[in-house]
Each structure stands twice: as structure tokens, then as C-alpha cells.
file input-v6.cif (mmCIF, C-alpha atoms)
data_run
#
loop_
_atom_site.label_atom_id
_atom_site.label_comp_id
_atom_site.auth_asym_id
_atom_site.auth_seq_id
_atom_site.Cartn_x
_atom_site.Cartn_y
_atom_site.Cartn_z
CA MET A 1 0.00 0.00 0.00
CA PRO A 2 1.40 3.45 -0.83
CA ALA A 3 2.50 5.63 2.05
CA ILE A 4 0.02 8.24 3.20
CA THR A 5 1.47 11.72 3.03
CA SER A 6 0.08 15.23 3.36
CA LYS A 7 -0.86 16.81 0.05
CA GLU A 8 -0.24 20.30 -1.22
CA THR A 9 -3.42 20.84 -3.23
CA PRO A 10 -6.96 19.42 -3.19
CA GLU A 11 -6.32 17.83 -6.59
CA ASP A 12 -3.64 15.64 -5.00
CA VAL A 13 -5.93 14.23 -2.33
CA GLU A 14 -6.75 10.74 -3.63
CA PHE A 15 -6.59 8.00 -1.04
CA ASP A 16 -6.21 4.27 -1.25
CA VAL A 17 -8.97 3.65 1.30
CA HIS A 18 -11.72 4.59 -1.15
CA ARG A 19 -11.86 1.38 -3.10
CA GLU A 20 -14.31 -1.46 -3.47
CA ASP A 21 -12.10 -4.38 -2.50
CA ILE A 22 -10.56 -3.08 0.73
CA SER A 23 -10.97 -5.43 3.69
CA ALA A 24 -12.15 -4.36 7.12
CA GLU A 25 -8.74 -5.14 8.61
CA GLU A 26 -6.92 -3.16 5.95
CA LEU A 27 -9.31 -0.26 6.36
CA ILE A 28 -8.73 -0.08 10.12
CA GLU A 29 -4.95 -0.39 9.72
CA THR A 30 -4.78 2.32 7.07
CA TYR A 31 -6.91 4.80 9.00
CA SER A 32 -4.98 4.07 12.21
CA LYS A 33 -1.71 4.87 10.46
CA TRP A 34 -3.25 7.95 8.87
CA GLY A 35 -4.08 9.50 12.25
CA GLU A 36 -2.46 12.90 12.66
CA GLU A 37 -1.82 13.44 8.93
CA TYR A 38 -5.55 13.01 8.29
CA GLU A 39 -6.07 16.39 9.96
CA GLN A 40 -3.89 18.07 7.34
CA ASP A 41 -4.97 15.99 4.37
CA LEU A 42 -8.64 16.80 4.96
CA ARG A 43 -8.17 20.40 6.05
CA PRO A 44 -11.24 22.67 5.87
CA GLU A 45 -10.50 24.15 2.44
CA ILE A 46 -10.56 20.61 1.03
CA TYR A 47 -13.33 19.06 3.12
CA LEU A 48 -16.46 21.17 3.60
CA GLY A 49 -18.77 18.26 4.40
CA PRO A 50 -18.70 18.60 8.21
CA GLN A 51 -19.87 22.20 8.19
CA TYR A 52 -22.71 21.35 5.78
CA ILE A 53 -23.98 18.58 8.06
CA ALA A 54 -23.62 20.61 11.26
CA GLN A 55 -25.59 23.44 9.70
CA HIS A 56 -28.39 21.11 8.63
CA VAL A 57 -28.59 19.64 12.14
CA ALA A 58 -28.79 23.18 13.53
CA ASN A 59 -31.54 23.93 11.03
CA VAL A 60 -33.55 20.99 12.36
CA TYR A 61 -32.99 21.42 16.09
CA GLY A 62 -31.85 25.01 16.52
CA LYS A 63 -28.53 26.01 18.03
CA SER A 64 -27.33 25.26 21.55
CA ASN A 65 -29.71 22.33 22.02
CA SER A 66 -27.52 20.35 24.39
CA ASP A 67 -30.26 17.82 25.19
CA ILE A 68 -30.16 16.31 21.69
CA LYS A 69 -28.30 12.99 21.83
CA ILE A 70 -26.28 12.56 18.62
CA LEU A 71 -24.34 9.63 17.16
CA ASP A 72 -21.54 10.61 14.78
CA VAL A 73 -21.03 7.60 12.49
CA ALA A 74 -17.60 7.20 10.84
CA ALA A 75 -16.49 9.98 13.16
CA GLY A 76 -12.83 9.87 12.20
CA THR A 77 -10.77 12.40 14.12
CA GLY A 78 -13.80 14.48 15.03
CA PHE A 79 -14.18 16.97 12.19
CA LEU A 80 -17.98 16.79 12.25
CA GLY A 81 -18.11 16.53 16.03
CA GLN A 82 -16.16 19.78 16.30
CA LYS A 83 -18.58 21.57 13.95
CA LEU A 84 -21.54 20.26 15.94
CA LEU A 85 -19.92 21.48 19.13
CA GLU A 86 -19.54 24.93 17.57
CA GLN A 87 -23.29 24.88 16.92
CA GLY A 88 -23.96 24.22 20.61
CA PHE A 89 -24.50 20.43 20.55
CA THR A 90 -22.64 18.77 23.41
CA ASN A 91 -24.26 15.34 23.86
CA ILE A 92 -22.39 13.47 21.13
CA ASP A 93 -21.11 9.89 20.84
CA ALA A 94 -18.76 8.62 18.14
CA LEU A 95 -18.92 5.37 16.19
CA GLU A 96 -15.54 4.81 14.55
CA PRO A 97 -13.72 1.49 13.97
CA SER A 98 -10.16 2.88 13.87
CA GLN A 99 -8.46 3.32 17.22
CA GLY A 100 -5.84 5.51 15.59
CA MET A 101 -8.59 7.93 14.61
CA THR A 102 -10.32 7.83 17.99
CA GLN A 103 -7.03 8.54 19.76
CA VAL A 104 -6.76 11.80 17.84
CA ALA A 105 -10.44 12.61 18.37
CA SER A 106 -10.29 11.95 22.11
CA LYS A 107 -7.80 14.80 22.56
CA LYS A 108 -10.48 17.24 21.38
CA GLN A 109 -12.86 16.28 24.21
CA ILE A 110 -15.90 16.35 21.93
CA TYR A 111 -17.46 12.94 22.45
CA ASN A 112 -19.04 11.39 25.53
CA GLN A 113 -18.08 7.89 24.43
CA PHE A 114 -16.42 6.06 21.56
CA ILE A 115 -17.96 2.95 20.01
CA CYS A 116 -15.08 1.28 18.17
CA GLU A 117 -17.15 -0.59 15.58
CA PHE A 118 -18.12 -0.58 11.92
CA LEU A 119 -21.61 0.37 10.83
CA ARG A 120 -22.70 -2.71 8.94
CA ASP A 121 -26.03 -4.53 8.69
CA LYS A 122 -26.62 -4.63 12.43
CA ASN A 123 -24.57 -3.36 15.35
CA PRO A 124 -25.67 -5.09 18.56
CA ILE A 125 -23.71 -2.70 20.79
CA VAL A 126 -26.06 0.21 20.17
CA LYS A 127 -29.58 -0.43 21.44
CA ASP A 128 -32.74 0.41 19.52
CA ASP A 129 -34.12 3.96 19.77
CA THR A 130 -31.02 5.33 21.50
CA TYR A 131 -30.34 8.58 19.64
CA ASP A 132 -32.29 11.68 18.72
CA CYS A 133 -30.07 12.27 15.70
CA LEU A 134 -27.56 10.26 13.70
CA VAL A 135 -25.06 12.04 11.47
CA CYS A 136 -22.53 10.75 8.97
CA CYS A 137 -20.00 12.63 6.88
CA GLY A 138 -17.52 10.77 4.70
CA GLY A 139 -18.78 7.28 5.47
CA PHE A 140 -20.67 6.66 2.25
CA VAL A 141 -17.72 5.68 0.07
CA GLU A 142 -16.83 2.30 -1.37
CA GLY A 143 -15.50 -0.18 1.13
CA HIS A 144 -17.05 1.68 4.04
CA ILE A 145 -20.80 1.86 4.76
CA PRO A 146 -22.96 -0.48 2.65
CA CYS A 147 -26.48 0.41 1.54
CA SER A 148 -27.85 -2.32 3.80
CA ALA A 149 -26.60 -0.46 6.89
CA ILE A 150 -29.22 2.25 6.49
CA LYS A 151 -31.73 0.00 8.24
CA ASP A 152 -29.43 -0.16 11.24
CA MET A 153 -29.11 3.61 11.24
CA ILE A 154 -32.89 3.85 11.47
CA ARG A 155 -32.98 1.24 14.24
CA MET A 156 -30.65 3.27 16.46
CA VAL A 157 -32.66 6.51 16.16
CA LYS A 158 -35.79 7.26 18.18
CA PRO A 159 -39.09 7.75 16.33
CA GLY A 160 -39.30 11.42 15.44
CA GLY A 161 -35.52 11.70 15.37
CA HIS A 162 -33.41 12.50 12.33
CA ILE A 163 -30.68 10.97 10.18
CA CYS A 164 -28.46 13.43 8.35
CA PHE A 165 -25.66 12.40 5.99
CA VAL A 166 -23.79 13.68 2.97
CA ILE A 167 -22.46 11.71 0.02
CA CYS A 168 -20.27 12.73 -2.90
CA GLU A 169 -22.24 12.91 -6.14
CA GLU A 170 -19.78 10.70 -7.96
CA ALA A 171 -20.35 7.92 -5.39
CA PHE A 172 -23.70 7.22 -7.07
CA TRP A 173 -21.70 5.76 -9.97
CA LYS A 174 -19.75 3.39 -7.75
CA LYS A 175 -20.69 -0.29 -7.53
CA GLU A 176 -21.96 -0.22 -3.92
CA TYR A 177 -24.35 2.70 -4.47
CA LYS A 178 -25.20 2.80 -8.18
CA ASP A 179 -28.88 1.99 -8.67
CA ARG A 180 -28.99 0.82 -5.06
CA LEU A 181 -28.77 3.66 -2.54
CA GLU A 182 -31.60 5.83 -3.83
CA PRO A 183 -33.95 2.84 -4.37
CA GLU A 184 -33.14 1.60 -0.85
CA MET A 185 -33.97 4.98 0.66
CA GLN A 186 -37.18 5.22 -1.33
CA GLN A 187 -38.23 1.69 -0.37
CA LEU A 188 -37.71 2.44 3.32
CA GLU A 189 -39.92 5.49 2.91
CA LYS A 190 -42.62 3.39 1.25
CA GLU A 191 -42.42 0.97 4.17
CA GLY A 192 -43.03 3.82 6.59
CA ARG A 193 -39.63 3.55 8.24
CA TRP A 194 -38.64 7.17 7.60
CA LYS A 195 -39.50 10.16 5.44
CA LYS A 196 -37.25 12.48 3.48
CA VAL A 197 -37.08 16.02 4.82
CA VAL A 198 -34.16 17.43 2.82
CA SER A 199 -32.27 16.48 -0.32
CA SER A 200 -29.88 19.29 -1.14
CA ARG A 201 -26.92 19.57 -3.49
CA VAL A 202 -23.88 21.24 -1.92
CA GLU A 203 -20.81 22.61 -3.67
CA LYS A 204 -17.25 21.48 -3.04
CA TYR A 205 -18.24 18.92 -0.43
CA TYR A 206 -14.87 17.20 -0.73
CA ASN A 207 -11.82 17.91 -2.88
CA ASN A 208 -13.77 20.31 -5.13
CA LYS A 209 -16.40 17.63 -5.75
CA ASP A 210 -20.05 18.39 -5.08
CA GLY A 211 -22.19 16.35 -2.75
CA ILE A 212 -25.77 15.74 -1.70
CA VAL A 213 -27.04 16.21 1.85
CA TYR A 214 -29.95 14.04 2.95
CA VAL A 215 -32.05 14.58 6.06
CA HIS A 216 -34.66 11.96 6.94
CA GLN A 217 -37.02 11.77 9.88
CA VAL A 218 -37.45 8.36 11.49
CA LEU A 219 -41.08 7.27 11.84
#
call {"tool": "encode", "arguments": {"input": "input-v6.cif", "output": "C-alpha cells"}}
result
Amino acid sequence: MPAITSKETPEDVEFDVHREDISAEELIETYSKWGEEYEQDLRPEIYLGPQYIAQHVANVYGKSNSDIKILDVAAGTGFLGQKLLEQGFTNIDALEPSQGMTQVASKKQIYNQFICEFLRDKNPIVKDDTYDCLVCCGGFVEGHIPCSAIKDMIRMVKPGGHICFVICEEAFWKKEYKDRLEPEMQQLEKEGRWKKVVSSRVEKYYNNKDGIVYVHQVL
């Protein structure tokens, strides 16, 4: 695997972790080694996703609503958690499989607890109806969160709560999500599991690539 080094321009930021065939073990190892350099590689001028999600959560709940219990999925080193904290949200947990990432995040004192697990089809550690809001930024890329895990996201959120995530537009052409993610979301709405509140295109979500923010309310 190529060494991970800090990049000089957004155009240089292409990482080996975003590929279809990466194993869970390799993913954890790579992110754990990435650690501190991740902070530079995904600096704010390259990675605008966290501020988009934090703003949408603030739009739903208002600012400084410390009672809202939030789960940050694929939390990484805490980029999104920091933006949520700046909006006044303080009751935040992190779900992140890489200990190298959580070690960096823990220094920021953002999260109440760390759940060192993948989001897959079902995560038995998190009980049903635990969170008021679930957020995810950067997790919907190949080799990371599968379409089937959306059902587990819904399971962990209380009825009336919200799920807010952003995905790069080009991800819809990748094998895991092409002709699968949108139909899965629509089917869950037909089944009465959740309803779409927001679907909004955002500019320069990551590395000058546009993204789409989704907000759904769990029913």
C-alpha cells in the first residue's frame, strides 16, 4: 500500500482507502496509520462536508440544544463533532472502527463515548431507539458503509428523530451505491420507516467535488 502523506493541493488528495475491495482489517490499519496526517490531508479548504452537516442539524434542532443525543457515524478524528460542538451540541457519541482515529479525536474532548465498531447490517452494541439524531459525513464511500446499513441507522434513532448524511455525487456511480442507494432509501420510505425532509446539493463537499445532503425523519 502506498504511504500516506500530506498533500499540497486538493487535486492531490486521492486515497487508497476509497476502493471497493478493501478489507475491514486493511481499512482499520490504514486509518490508524493515517491519524495525525488526516487532519492536514482533509483540512477545511478541502473538506467542507462537516460544516454542511452541522448546519443542517442546527436547522432541524436550533442552536445550543444540548439535550439532543447525537451519534456521529464514521467519526474519524472528530471533524464533524467539532462543527456540531460549535453549533452548541454537546451530547455526542462517536462510532468509529479505527483506534488511531479515535485517539486523535479523544484529545479534542468532543465525544461522551467512543464505540469502536463498523456500521454494517446490524450493530448489537447500540440499542434500539437510543439517539435523537444520527449524522454521517464521509462514510458513504466504497469499502465503508454499505447500503444495507441504512436499516441499522434507522434502528438506532428514536421515532421522530433525524438521520443526516452527505455523500459525494460521484459515489452514485460506484458499484456499492449505483442503482442501489436511492432505491433503498425510497423503499424504506414506502415501508413507513422514515421520510425524506431534505435532499440538497452542496458545492465542493470534498476535494472540489459536489455532494448531496440528505435529512430523513425516522417514523
call {"tool": "closest_atom_pairs", "arguments": {"input": "input-v6.cif", "of": "range 94-151 of chain A", "to": "range 197-206 of chain A", "cutoff": "12 Å", "atoms": "all atoms listed in the file", "output": "tab-separated table"}}
result
residue	atom	partner	partner_atom	distance
A:Cys137	CA	A:Tyr205	CA	9.8
A:Gly138	CA	A:Tyr206	CA	8.8
A:Val141	CA	A:Tyr206	CA	11.9
call {"tool": "atom_distance", "arguments": {"input": "input-v6.cif", "atom1": "CA of Val135 in chain A", "atom2": "CA of Cys168 in chain A"}}
result
15.2 Å
call {"tool": "resolve_selection", "arguments": {"input": "input-v6.cif", "expression": "the PyMOL selection byres ((chain A and resi 80) around 10)", "output": "list in words"}}
result
Leu48, Gly49, Pro50, Gln51, Tyr52, Ile53, Ala54, Asp72, Val73, Ala74, Ala75, Gly76, Thr77, Gly78, Phe79, Gly81, Gln82, Lys83, Leu84, Leu85, Glu86, Ile110, Val135, Cys136, Cys137 and Gly138 of chain A
call {"tool": "closest_residue", "arguments": {"input": "input-v6.cif", "among": "A:Val166, A:Leu95, A:Ile68, A:Ile212", "to": "Phe140 in chain A", "atoms": "all atoms listed in the file"}}
result
A:Val166
call {"tool": "residues_around", "arguments": {"input": "input-v6.cif", "residues": "Tyr131 in chain A", "least_positions_apart": "6", "cutoff": "12 Å", "atoms": "only C-alpha atoms", "output": "ChimeraX atom specification"}}
result
/A:67-73,91-94,153-163,218
call {"tool": "atom_distance", "arguments": {"input": "input-v6.cif", "atom1": "CA of Ser66 in chain A", "atom2": "CA of Ser106 in chain A"}}
result
19.3 Å
call {"tool": "atom_distance", "arguments": {"input": "input-v6.cif", "atom1": "CA of Gln217 in chain A", "atom2": "CA of Lys196 in chain A"}}
result
6.4 Å
call {"tool": "closest_residue", "arguments": {"input": "input-v6.cif", "among": "A:Met185, A:Cys164, A:Thr90, A:Lys190", "to": "His56 in chain A", "atoms": "all atoms listed in the file"}}
result
A:Cys164
call {"tool": "residues_near_point", "arguments": {"input": "input-v6.cif", "point": "(-27.2, 3.3, -3.8)", "cutoff": "12 Å", "atoms": "only C-alpha atoms", "output": "short mmCIF file (atom, residue, chain, number, x, y, z; two decimals) with C-alpha atoms, in the coordinates of the input"}}
result
data_model
loop_
_atom_site.label_atom_id
_atom_site.label_comp_id
_atom_site.auth_asym_id
_atom_site.auth_seq_id
_atom_site.Cartn_x
_atom_site.Cartn_y
_atom_site.Cartn_z
CA PHE A 140 -20.67 6.66 2.25
CA VAL A 141 -17.72 5.68 0.07
CA GLU A 142 -16.83 2.30 -1.37
CA ILE A 145 -20.80 1.86 4.76
CA PRO A 146 -22.96 -0.48 2.65
CA CYS A 147 -26.48 0.41 1.54
CA SER A 148 -27.85 -2.32 3.80
CA ALA A 149 -26.60 -0.46 6.89
CA ILE A 150 -29.22 2.25 6.49
CA ILE A 167 -22.46 11.71 0.02
CA CYS A 168 -20.27 12.73 -2.90
CA GLU A 169 -22.24 12.91 -6.14
CA GLU A 170 -19.78 10.70 -7.96
CA ALA A 171 -20.35 7.92 -5.39
CA PHE A 172 -23.70 7.22 -7.07
CA TRP A 173 -21.70 5.76 -9.97
CA LYS A 174 -19.75 3.39 -7.75
CA LYS A 175 -20.69 -0.29 -7.53
CA GLU A 176 -21.96 -0.22 -3.92
CA TYR A 177 -24.35 2.70 -4.47
CA LYS A 178 -25.20 2.80 -8.18
CA ASP A 179 -28.88 1.99 -8.67
CA ARG A 180 -28.99 0.82 -5.06
CA LEU A 181 -28.77 3.66 -2.54
CA GLU A 182 -31.60 5.83 -3.83
CA PRO A 183 -33.95 2.84 -4.37
CA GLU A 184 -33.14 1.60 -0.85
CA MET A 185 -33.97 4.98 0.66
CA GLN A 186 -37.18 5.22 -1.33
CA GLN A 187 -38.23 1.69 -0.37
#
call {"tool": "closest_residue", "arguments": {"input": "input-v6.cif", "among": "A:Leu188, A:Cys116, A:Val213, A:Ala58", "to": "Gly100 in chain A", "atoms": "only C-alpha atoms"}}
result
A:Cys116
